[in-house]
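Data first, discussion second: the structure below is written as C-alpha cells.
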Amino acid sequence: MLKLDDVPDFLRGLAERVAVELWNVARREPTTTRLVLPTYRDGSHRVSEQEARSIAQRLVADSHYYFSIETPTDGLYKFSGKDDTRPRSASHDMSLYLSAEPSSIAAHVEFKQGHKSGATGIQVIAKDLEKLVGSARHSLWFHCFAKPTHNELKMLRSFFVPAFDRARARSLPAAPRVVLAFCAVVEPVAWIAGPVGWTDVAALIDQFPIVGTPVHDGWSRYVPTRPLEPTTGAVAFEDEGEAMDD
C-alpha cells in the first residue's frame, strides 16, 4: 500500500530517471518512454520543459501512483504585479496521488527549462516556486538546461536566490519535503538535492553546484553510467514564455 511518507523518496528517484531519459532522447537512443524531440526547420532539435514533463508522466503511469496535469492550486495568486489584477487560482504542472481519489493528492511537480534575462527570468521562476511553497504537499522542482558551464550555473543561481527569497515571503510549511533537480542535457550531468524541508533550501541554493566553487554536501552529482554519443545535431532550448498569471 502506498504511503505518504514514501513519496519524497519516489520523487527523488523520478528525478534521476527523468534525467537519464532526457539524455538518451537527446541522442535519439531507444527509451522506455518512446519520446522523440521535435525538429525545427533548420534541423535542430527542440528541448523544452514539456519533454521532461512527458517523460515523468510515462514513468509515473508505470508506477503505482496516479497523477494529474495542470492541477489547480489550493490558494489564490497574483503574479503579474498589476494592481488591477485580481488574485486567482494557478496550476501545478503535475501532481501525484496515492489512489484514484482526488483527496489522496500527495505531491506537486514543477518543470522548468533555462531562464530568461533580468527581472522577467526571476519572476518566471519565482511564480512556480511560490506555488510549491504555498502548498502543503511534497514537491519536486526539475530544471533542465544545455551545458554545465560555470557561467550557466552562476546565472541559474543568481536567478534562483532572489526567486526563492520572494517565494519564502510566504510562511514555509514545516512538514512537506522538496526535491531539487538541475539537469544539463547536451553535456549530461545532473545535480539533485533532497528530499529536504523548505527551511533547508536556502542553504542549498547558497552553495549551488557552480563549477570551481564550494558545493553544499546536500547536492549529489549524477552522470551517465555508460559513455554517451554526442547529441544528434544541434539541440535548441526553447525560451521560457513571458511570466503570466498561470
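Just remember, in the C-alpha cells the first chain shown is A, the second B, etc., residues are 1-based per chain, and ligands are 1-based in the order shown.
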
* To do: Write out as a ChimeraX atom specification the residues lying within 7 Å of Glu70 in chain A, counting only C-alpha atoms and excluding same-chain residues fewer than 2 positions away.
  => /A:68,72,91-94

* Asked: What residues in range 19-211 of chain A get the DSSP label helix (DSSP H, G or I)? Please answer as a ChimeraX atom specification.
  -> /A:19-25,49-61,102-104,118-133,150-167,198-206

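In this model, the gap between CA of Arg28 in chain A and CA of Leu140 in chain A comes to 26.3 Å.
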
For the structure I just gave you, how does DSSP split range 38-192 of chain A - specifically, which residues are strand (DSSP E)? Reply as a PDB file with N, CA and C atoms, in the first residue's frame.
ATOM      1  N   HIS A  45      17.051  20.262 -32.953  1.00  0.00           N
ATOM      2  CA  HIS A  45      16.037  19.558 -32.173  1.00  0.00           C
ATOM      3  C   HIS A  45      15.670  20.379 -30.943  1.00  0.00           C
ATOM      4  N   ARG A  46      14.370  20.525 -30.697  1.00  0.00           N
ATOM      5  CA  ARG A  46      13.900  21.365 -29.606  1.00  0.00           C
ATOM      6  C   ARG A  46      13.799  20.604 -28.294  1.00  0.00           C
ATOM      7  N   VAL A  47      14.288  21.259 -27.246  1.00  0.00           N
ATOM      8  CA  VAL A  47      14.083  20.763 -25.893  1.00  0.00           C
ATOM      9  C   VAL A  47      13.372  21.858 -25.114  1.00  0.00           C
ATOM     10  N   TYR A  66      -0.968   7.568  -9.045  1.00  0.00           N
ATOM     11  CA  TYR A  66      -1.846   8.209 -10.024  1.00  0.00           C
ATOM     12  C   TYR A  66      -1.356   9.651 -10.193  1.00  0.00           C
ATOM     13  N   PHE A  67      -1.777  10.305 -11.267  1.00  0.00           N
ATOM     14  CA  PHE A  67      -1.308  11.674 -11.464  1.00  0.00           C
ATOM     15  C   PHE A  67      -2.334  12.510 -12.217  1.00  0.00           C
ATOM     16  N   SER A  68      -2.188  13.823 -12.081  1.00  0.00           N
ATOM     17  CA  SER A  68      -2.969  14.775 -12.864  1.00  0.00           C
ATOM     18  C   SER A  68      -2.004  15.804 -13.428  1.00  0.00           C
ATOM     19  N   ILE A  69      -2.438  16.522 -14.466  1.00  0.00           N
ATOM     20  CA  ILE A  69      -1.626  17.582 -15.043  1.00  0.00           C
ATOM     21  C   ILE A  69      -2.390  18.896 -14.948  1.00  0.00           C
ATOM     22  N   GLU A  70      -1.621  20.000 -14.897  1.00  0.00           N
ATOM     23  CA  GLU A  70      -2.223  21.333 -14.766  1.00  0.00           C
ATOM     24  C   GLU A  70      -3.244  21.351 -13.616  1.00  0.00           C
ATOM     25  N   THR A  71      -2.785  20.915 -12.458  1.00  0.00           N
ATOM     26  CA  THR A  71      -3.651  20.812 -11.291  1.00  0.00           C
ATOM     27  C   THR A  71      -3.897  22.188 -10.672  1.00  0.00           C
ATOM     28  N   PRO A  72      -5.132  22.595 -10.506  1.00  0.00           N
ATOM     29  CA  PRO A  72      -5.408  23.898  -9.889  1.00  0.00           C
ATOM     30  C   PRO A  72      -4.827  23.978  -8.473  1.00  0.00           C
ATOM     31  N   THR A  73      -4.290  25.137  -8.126  1.00  0.00           N
ATOM     32  CA  THR A  73      -3.732  25.335  -6.793  1.00  0.00           C
ATOM     33  C   THR A  73      -4.844  25.542  -5.771  1.00  0.00           C
ATOM     34  N   ASP A  74      -4.524  25.258  -4.517  1.00  0.00           N
ATOM     35  CA  ASP A  74      -5.478  25.497  -3.444  1.00  0.00           C
ATOM     36  C   ASP A  74      -5.636  26.993  -3.174  1.00  0.00           C
ATOM     37  N   GLY A  75      -4.507  27.718  -3.249  1.00  0.00           N
ATOM     38  CA  GLY A  75      -4.540  29.138  -2.937  1.00  0.00           C
ATOM     39  C   GLY A  75      -4.724  30.007  -4.166  1.00  0.00           C
ATOM     40  N   LEU A  76      -4.899  31.299  -3.924  1.00  0.00           N
ATOM     41  CA  LEU A  76      -5.016  32.293  -4.986  1.00  0.00           C
ATOM     42  C   LEU A  76      -3.703  33.057  -5.101  1.00  0.00           C
ATOM     43  N   TYR A  77      -3.345  33.412  -6.337  1.00  0.00           N
ATOM     44  CA  TYR A  77      -2.056  34.054  -6.581  1.00  0.00           C
ATOM     45  C   TYR A  77      -2.233  35.254  -7.502  1.00  0.00           C
ATOM     46  N   ARG A  88      -6.050  34.879  -8.403  1.00  0.00           N
ATOM     47  CA  ARG A  88      -6.859  33.771  -8.884  1.00  0.00           C
ATOM     48  C   ARG A  88      -6.067  32.480  -8.777  1.00  0.00           C
ATOM     49  N   SER A  89      -6.729  31.380  -9.009  1.00  0.00           N
ATOM     50  CA  SER A  89      -6.088  30.073  -8.926  1.00  0.00           C
ATOM     51  C   SER A  89      -5.054  29.918 -10.038  1.00  0.00           C
ATOM     52  N   ALA A  90      -3.919  29.307  -9.702  1.00  0.00           N
ATOM     53  CA  ALA A  90      -2.897  28.978 -10.698  1.00  0.00           C
ATOM     54  C   ALA A  90      -2.946  27.467 -10.927  1.00  0.00           C
ATOM     55  N   SER A  91      -1.877  26.890 -11.425  1.00  0.00           N
ATOM     56  CA  SER A  91      -1.871  25.441 -11.634  1.00  0.00           C
ATOM     57  C   SER A  91      -0.468  24.885 -11.469  1.00  0.00           C
ATOM     58  N   HIS A  92      -0.407  23.626 -11.013  1.00  0.00           N
ATOM     59  CA  HIS A  92       0.847  22.887 -10.938  1.00  0.00           C
ATOM     60  C   HIS A  92       1.002  22.053 -12.209  1.00  0.00           C
ATOM     61  N   ASP A  93       2.246  21.922 -12.697  1.00  0.00           N
ATOM     62  CA  ASP A  93       2.475  21.163 -13.922  1.00  0.00           C
ATOM     63  C   ASP A  93       1.966  19.728 -13.801  1.00  0.00           C
ATOM     64  N   MET A  94       2.189  19.138 -12.649  1.00  0.00           N
ATOM     65  CA  MET A  94       1.833  17.730 -12.453  1.00  0.00           C
ATOM     66  C   MET A  94       1.653  17.472 -10.966  1.00  0.00           C
ATOM     67  N   SER A  95       0.745  16.573 -10.631  1.00  0.00           N
ATOM     68  CA  SER A  95       0.523  16.205  -9.227  1.00  0.00           C
ATOM     69  C   SER A  95       0.410  14.699  -9.104  1.00  0.00           C
ATOM     70  N   LEU A  96       0.853  14.168  -7.967  1.00  0.00           N
ATOM     71  CA  LEU A  96       0.804  12.731  -7.710  1.00  0.00           C
ATOM     72  C   LEU A  96      -0.236  12.423  -6.638  1.00  0.00           C
ATOM     73  N   TYR A  97      -0.867  11.265  -6.780  1.00  0.00           N
ATOM     74  CA  TYR A  97      -1.910  10.817  -5.865  1.00  0.00           C
ATOM     75  C   TYR A  97      -1.595   9.404  -5.391  1.00  0.00           C
ATOM     76  N   ILE A 105      -4.249  13.334  -2.949  1.00  0.00           N
ATOM     77  CA  ILE A 105      -3.142  14.067  -3.560  1.00  0.00           C
ATOM     78  C   ILE A 105      -1.965  14.134  -2.592  1.00  0.00           C
ATOM     79  N   ALA A 106      -0.756  13.863  -3.110  1.00  0.00           N
ATOM     80  CA  ALA A 106       0.405  13.711  -2.239  1.00  0.00           C
ATOM     81  C   ALA A 106       1.565  14.638  -2.585  1.00  0.00           C
ATOM     82  N   ALA A 107       1.672  15.075  -3.849  1.00  0.00           N
ATOM     83  CA  ALA A 107       2.839  15.861  -4.245  1.00  0.00           C
ATOM     84  C   ALA A 107       2.531  16.681  -5.487  1.00  0.00           C
ATOM     85  N   HIS A 108       3.294  17.763  -5.643  1.00  0.00           N
ATOM     86  CA  HIS A 108       3.224  18.590  -6.842  1.00  0.00           C
ATOM     87  C   HIS A 108       4.605  18.640  -7.499  1.00  0.00           C
ATOM     88  N   VAL A 109       4.621  18.741  -8.820  1.00  0.00           N
ATOM     89  CA  VAL A 109       5.873  18.795  -9.569  1.00  0.00           C
ATOM     90  C   VAL A 109       5.837  19.993 -10.506  1.00  0.00           C
ATOM     91  N   GLU A 110       6.937  20.747 -10.546  1.00  0.00           N
ATOM     92  CA  GLU A 110       7.086  21.842 -11.497  1.00  0.00           C
ATOM     93  C   GLU A 110       8.306  21.573 -12.365  1.00  0.00           C
ATOM     94  N   PHE A 111       8.148  21.770 -13.672  1.00  0.00           N
ATOM     95  CA  PHE A 111       9.241  21.585 -14.624  1.00  0.00           C
ATOM     96  C   PHE A 111       9.636  22.948 -15.179  1.00  0.00           C
ATOM     97  N   LYS A 112      10.938  23.181 -15.261  1.00  0.00           N
ATOM     98  CA  LYS A 112      11.427  24.455 -15.750  1.00  0.00           C
ATOM     99  C   LYS A 112      12.611  24.211 -16.680  1.00  0.00           C
ATOM    100  N   GLN A 113      12.803  25.125 -17.616  1.00  0.00           N
ATOM    101  CA  GLN A 113      13.868  24.991 -18.605  1.00  0.00           C
ATOM    102  C   GLN A 113      14.537  26.338 -18.790  1.00  0.00           C
ATOM    103  N   HIS A 138       4.220  17.448  -0.653  1.00  0.00           N
ATOM    104  CA  HIS A 138       5.600  17.226  -1.063  1.00  0.00           C
ATOM    105  C   HIS A 138       5.768  17.745  -2.486  1.00  0.00           C
ATOM    106  N   SER A 139       7.017  17.981  -2.905  1.00  0.00           N
ATOM    107  CA  SER A 139       7.187  18.571  -4.230  1.00  0.00           C
ATOM    108  C   SER A 139       8.529  18.220  -4.857  1.00  0.00           C
ATOM    109  N   LEU A 140       8.561  18.381  -6.180  1.00  0.00           N
ATOM    110  CA  LEU A 140       9.775  18.199  -6.980  1.00  0.00           C
ATOM    111  C   LEU A 140       9.901  19.390  -7.921  1.00  0.00           C
ATOM    112  N   TRP A 141      11.101  19.978  -7.949  1.00  0.00           N
ATOM    113  CA  TRP A 141      11.440  21.022  -8.910  1.00  0.00           C
ATOM    114  C   TRP A 141      12.465  20.429  -9.865  1.00  0.00           C
ATOM    115  N   PHE A 142      12.110  20.294 -11.156  1.00  0.00           N
ATOM    116  CA  PHE A 142      13.035  19.709 -12.138  1.00  0.00           C
ATOM    117  C   PHE A 142      13.357  20.778 -13.171  1.00  0.00           C
ATOM    118  N   HIS A 143      14.640  21.159 -13.243  1.00  0.00           N
ATOM    119  CA  HIS A 143      15.082  22.271 -14.086  1.00  0.00           C
ATOM    120  C   HIS A 143      16.164  21.774 -15.048  1.00  0.00           C
ATOM    121  N   CYS A 144      15.911  21.868 -16.348  1.00  0.00           N
ATOM    122  CA  CYS A 144      16.897  21.399 -17.325  1.00  0.00           C
ATOM    123  C   CYS A 144      17.497  22.580 -18.101  1.00  0.00           C
ATOM    124  N   PHE A 145      18.702  22.377 -18.592  1.00  0.00           N
ATOM    125  CA  PHE A 145      19.408  23.399 -19.361  1.00  0.00           C
ATOM    126  C   PHE A 145      20.408  22.683 -20.254  1.00  0.00           C
ATOM    127  N   ARG A 177       8.300  17.848   2.106  1.00  0.00           N
ATOM    128  CA  ARG A 177       9.690  17.706   1.679  1.00  0.00           C
ATOM    129  C   ARG A 177       9.782  18.029   0.197  1.00  0.00           C
ATOM    130  N   VAL A 178      10.891  18.651  -0.212  1.00  0.00           N
ATOM    131  CA  VAL A 178      11.081  19.031  -1.605  1.00  0.00           C
ATOM    132  C   VAL A 178      12.357  18.403  -2.142  1.00  0.00           C
ATOM    133  N   VAL A 179      12.326  18.029  -3.418  1.00  0.00           N
ATOM    134  CA  VAL A 179      13.495  17.534  -4.148  1.00  0.00           C
ATOM    135  C   VAL A 179      13.825  18.557  -5.223  1.00  0.00           C
ATOM    136  N   LEU A 180      15.088  18.973  -5.296  1.00  0.00           N
ATOM    137  CA  LEU A 180      15.555  19.906  -6.317  1.00  0.00           C
ATOM    138  C   LEU A 180      16.443  19.162  -7.299  1.00  0.00           C
ATOM    139  N   ALA A 181      16.174  19.312  -8.588  1.00  0.00           N
ATOM    140  CA  ALA A 181      16.956  18.621  -9.609  1.00  0.00           C
ATOM    141  C   ALA A 181      17.302  19.592 -10.734  1.00  0.00           C
ATOM    142  N   PHE A 182      18.593  19.676 -11.077  1.00  0.00           N
ATOM    143  CA  PHE A 182      19.067  20.520 -12.175  1.00  0.00           C
ATOM    144  C   PHE A 182      19.827  19.618 -13.146  1.00  0.00           C
ATOM    145  N   CYS A 183      19.369  19.581 -14.392  1.00  0.00           N
ATOM    146  CA  CYS A 183      19.843  18.592 -15.348  1.00  0.00           C
ATOM    147  C   CYS A 183      20.368  19.251 -16.614  1.00  0.00           C
ATOM    148  N   ALA A 184      21.670  19.085 -16.896  1.00  0.00           N
ATOM    149  CA  ALA A 184      22.259  19.521 -18.159  1.00  0.00           C
ATOM    150  C   ALA A 184      22.084  18.393 -19.175  1.00  0.00           C
ATOM    151  N   VAL A 189      24.895  15.833 -17.188  1.00  0.00           N
ATOM    152  CA  VAL A 189      25.181  15.752 -15.767  1.00  0.00           C
ATOM    153  C   VAL A 189      23.964  16.304 -15.048  1.00  0.00           C
ATOM    154  N   ALA A 190      23.699  15.778 -13.869  1.00  0.00           N
ATOM    155  CA  ALA A 190      22.562  16.267 -13.089  1.00  0.00           C
ATOM    156  C   ALA A 190      22.993  16.408 -11.632  1.00  0.00           C
ATOM    157  N   TRP A 191      22.475  17.454 -10.982  1.00  0.00           N
ATOM    158  CA  TRP A 191      22.676  17.636  -9.552  1.00  0.00           C
ATOM    159  C   TRP A 191      21.314  17.567  -8.886  1.00  0.00           C
ATOM    160  N   ILE A 192      21.210  16.728  -7.890  1.00  0.00           N
ATOM    161  CA  ILE A 192      19.931  16.526  -7.213  1.00  0.00           C
ATOM    162  C   ILE A 192      20.140  16.647  -5.704  1.00  0.00           C
TER     163      ILE A 192
END

* If you count only C-alpha atoms, which residues fall within 10 Å of range 207-211 of chain A, apart from same-chain ones fewer than 4 positions away, as a ChimeraX atom specification? -> /A:148-158,160-161,182,190-192,202-203,215-221

Put those residues in a file: N, CA and C atoms, as a PDB file, in the first residue's frame.
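Below is the file result-v7.pdb, written as the result:
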ATOM      1  N   PRO A 148      26.688  22.425 -18.500  1.00  0.00           N
ATOM      2  CA  PRO A 148      27.045  22.795 -17.118  1.00  0.00           C
ATOM      3  C   PRO A 148      28.279  23.688 -17.059  1.00  0.00           C
ATOM      4  N   THR A 149      28.252  24.829 -17.742  1.00  0.00           N
ATOM      5  CA  THR A 149      29.374  25.752 -17.686  1.00  0.00           C
ATOM      6  C   THR A 149      29.310  26.584 -16.408  1.00  0.00           C
ATOM      7  N   HIS A 150      30.422  27.158 -16.041  1.00  0.00           N
ATOM      8  CA  HIS A 150      30.474  27.992 -14.843  1.00  0.00           C
ATOM      9  C   HIS A 150      29.492  29.152 -14.956  1.00  0.00           C
ATOM     10  N   ASN A 151      29.474  29.808 -16.120  1.00  0.00           N
ATOM     11  CA  ASN A 151      28.590  30.963 -16.301  1.00  0.00           C
ATOM     12  C   ASN A 151      27.116  30.563 -16.235  1.00  0.00           C
ATOM     13  N   GLU A 152      26.773  29.408 -16.823  1.00  0.00           N
ATOM     14  CA  GLU A 152      25.376  28.964 -16.824  1.00  0.00           C
ATOM     15  C   GLU A 152      24.910  28.672 -15.397  1.00  0.00           C
ATOM     16  N   LEU A 153      25.717  27.950 -14.657  1.00  0.00           N
ATOM     17  CA  LEU A 153      25.336  27.605 -13.289  1.00  0.00           C
ATOM     18  C   LEU A 153      25.317  28.839 -12.388  1.00  0.00           C
ATOM     19  N   LYS A 154      26.247  29.771 -12.625  1.00  0.00           N
ATOM     20  CA  LYS A 154      26.242  31.009 -11.854  1.00  0.00           C
ATOM     21  C   LYS A 154      24.985  31.812 -12.159  1.00  0.00           C
ATOM     22  N   MET A 155      24.575  31.816 -13.439  1.00  0.00           N
ATOM     23  CA  MET A 155      23.364  32.533 -13.817  1.00  0.00           C
ATOM     24  C   MET A 155      22.131  31.894 -13.174  1.00  0.00           C
ATOM     25  N   LEU A 156      22.054  30.559 -13.207  1.00  0.00           N
ATOM     26  CA  LEU A 156      20.925  29.876 -12.592  1.00  0.00           C
ATOM     27  C   LEU A 156      20.833  30.222 -11.107  1.00  0.00           C
ATOM     28  N   ARG A 157      21.964  30.224 -10.425  1.00  0.00           N
ATOM     29  CA  ARG A 157      21.943  30.560  -9.003  1.00  0.00           C
ATOM     30  C   ARG A 157      21.497  32.001  -8.794  1.00  0.00           C
ATOM     31  N   SER A 158      21.985  32.917  -9.644  1.00  0.00           N
ATOM     32  CA  SER A 158      21.631  34.323  -9.470  1.00  0.00           C
ATOM     33  C   SER A 158      20.143  34.559  -9.696  1.00  0.00           C
ATOM     34  N   PHE A 160      17.841  31.981  -9.068  1.00  0.00           N
ATOM     35  CA  PHE A 160      17.120  31.167  -8.095  1.00  0.00           C
ATOM     36  C   PHE A 160      17.119  31.805  -6.715  1.00  0.00           C
ATOM     37  N   VAL A 161      18.207  32.464  -6.321  1.00  0.00           N
ATOM     38  CA  VAL A 161      18.285  33.047  -4.981  1.00  0.00           C
ATOM     39  C   VAL A 161      17.195  34.101  -4.757  1.00  0.00           C
ATOM     40  N   PHE A 182      18.593  19.676 -11.077  1.00  0.00           N
ATOM     41  CA  PHE A 182      19.067  20.520 -12.175  1.00  0.00           C
ATOM     42  C   PHE A 182      19.827  19.618 -13.146  1.00  0.00           C
ATOM     43  N   ALA A 190      23.699  15.778 -13.869  1.00  0.00           N
ATOM     44  CA  ALA A 190      22.562  16.267 -13.089  1.00  0.00           C
ATOM     45  C   ALA A 190      22.993  16.408 -11.632  1.00  0.00           C
ATOM     46  N   TRP A 191      22.475  17.454 -10.982  1.00  0.00           N
ATOM     47  CA  TRP A 191      22.676  17.636  -9.552  1.00  0.00           C
ATOM     48  C   TRP A 191      21.314  17.567  -8.886  1.00  0.00           C
ATOM     49  N   ILE A 192      21.210  16.728  -7.890  1.00  0.00           N
ATOM     50  CA  ILE A 192      19.931  16.526  -7.213  1.00  0.00           C
ATOM     51  C   ILE A 192      20.140  16.647  -5.704  1.00  0.00           C
ATOM     52  N   ALA A 202      17.328  27.247   1.360  1.00  0.00           N
ATOM     53  CA  ALA A 202      18.162  28.437   1.197  1.00  0.00           C
ATOM     54  C   ALA A 202      19.649  28.090   1.250  1.00  0.00           C
ATOM     55  N   ALA A 203      20.042  27.217   2.176  1.00  0.00           N
ATOM     56  CA  ALA A 203      21.449  26.832   2.290  1.00  0.00           C
ATOM     57  C   ALA A 203      21.916  26.072   1.057  1.00  0.00           C
ATOM     58  N   VAL A 215      30.590  23.426  -2.821  1.00  0.00           N
ATOM     59  CA  VAL A 215      29.245  22.908  -3.056  1.00  0.00           C
ATOM     60  C   VAL A 215      28.683  22.356  -1.758  1.00  0.00           C
ATOM     61  N   HIS A 216      27.436  22.671  -1.476  1.00  0.00           N
ATOM     62  CA  HIS A 216      26.767  22.122  -0.298  1.00  0.00           C
ATOM     63  C   HIS A 216      26.754  20.602  -0.405  1.00  0.00           C
ATOM     64  N   ASP A 217      27.071  19.929   0.704  1.00  0.00           N
ATOM     65  CA  ASP A 217      27.155  18.464   0.650  1.00  0.00           C
ATOM     66  C   ASP A 217      25.804  17.797   0.466  1.00  0.00           C
ATOM     67  N   GLY A 218      24.730  18.587   0.453  1.00  0.00           N
ATOM     68  CA  GLY A 218      23.417  18.025   0.168  1.00  0.00           C
ATOM     69  C   GLY A 218      23.171  17.740  -1.305  1.00  0.00           C
ATOM     70  N   TRP A 219      24.041  18.284  -2.176  1.00  0.00           N
ATOM     71  CA  TRP A 219      23.890  18.037  -3.609  1.00  0.00           C
ATOM     72  C   TRP A 219      24.598  16.748  -4.002  1.00  0.00           C
ATOM     73  N   SER A 220      23.935  15.918  -4.802  1.00  0.00           N
ATOM     74  CA  SER A 220      24.545  14.702  -5.356  1.00  0.00           C
ATOM     75  C   SER A 220      24.699  14.885  -6.859  1.00  0.00           C
ATOM     76  N   ARG A 221      25.823  14.471  -7.376  1.00  0.00           N
ATOM     77  CA  ARG A 221      26.129  14.620  -8.803  1.00  0.00           C
ATOM     78  C   ARG A 221      25.897  13.287  -9.516  1.00  0.00           C
TER      79      ARG A 221
END

* Residue nearest Pro38 in chain A - candidates A:Ser104, A:Asp62, A:Ala26, A:Asp9, atoms counted: only C-alpha atoms ->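 Looking only at the distances to Pro38 in chain A, the closest residue turns out to be A:Ala26.
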
* Leu4 in chain A environment, 8 Å, only C-alpha atoms, sequence neighbours closer than 2 positions dropped, as a PyMOL selection string -> chain A and resi 2+6-7+98+106

* Asked: CA of Gln123 in chain A to CA of Asp165 in chain A: how many Å, to one decimal?
  -> 11.4 Å

* Please identify all polymer residues within 12 Å of Arg17 in chain A, counting only C-alpha atoms, omitting same-chain residues fewer than 5 positions from it, and present them as a list in words. => Phe10, Leu11, Arg12, Leu22, Trp23, Asn24, Thr31, Thr32, Thr33, Ala52, Arg53, Ile55, Ala56, Gln57, Arg58, Leu59, Val60, Phe142, Ala181, Cys183, Ala190, Ile192, Tyr222, Val223 and Pro224 of chain A

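Straight-line separation from CA of Pro8 in chain A to CA of Val196 in chain A: 8.7 Å.
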
* Which residue gives the smallest distance to His64 in chain A among A:Gly13, A:Ser48, A:Val36, A:Ala100, with only C-alpha atoms counted? -> A:Ala100
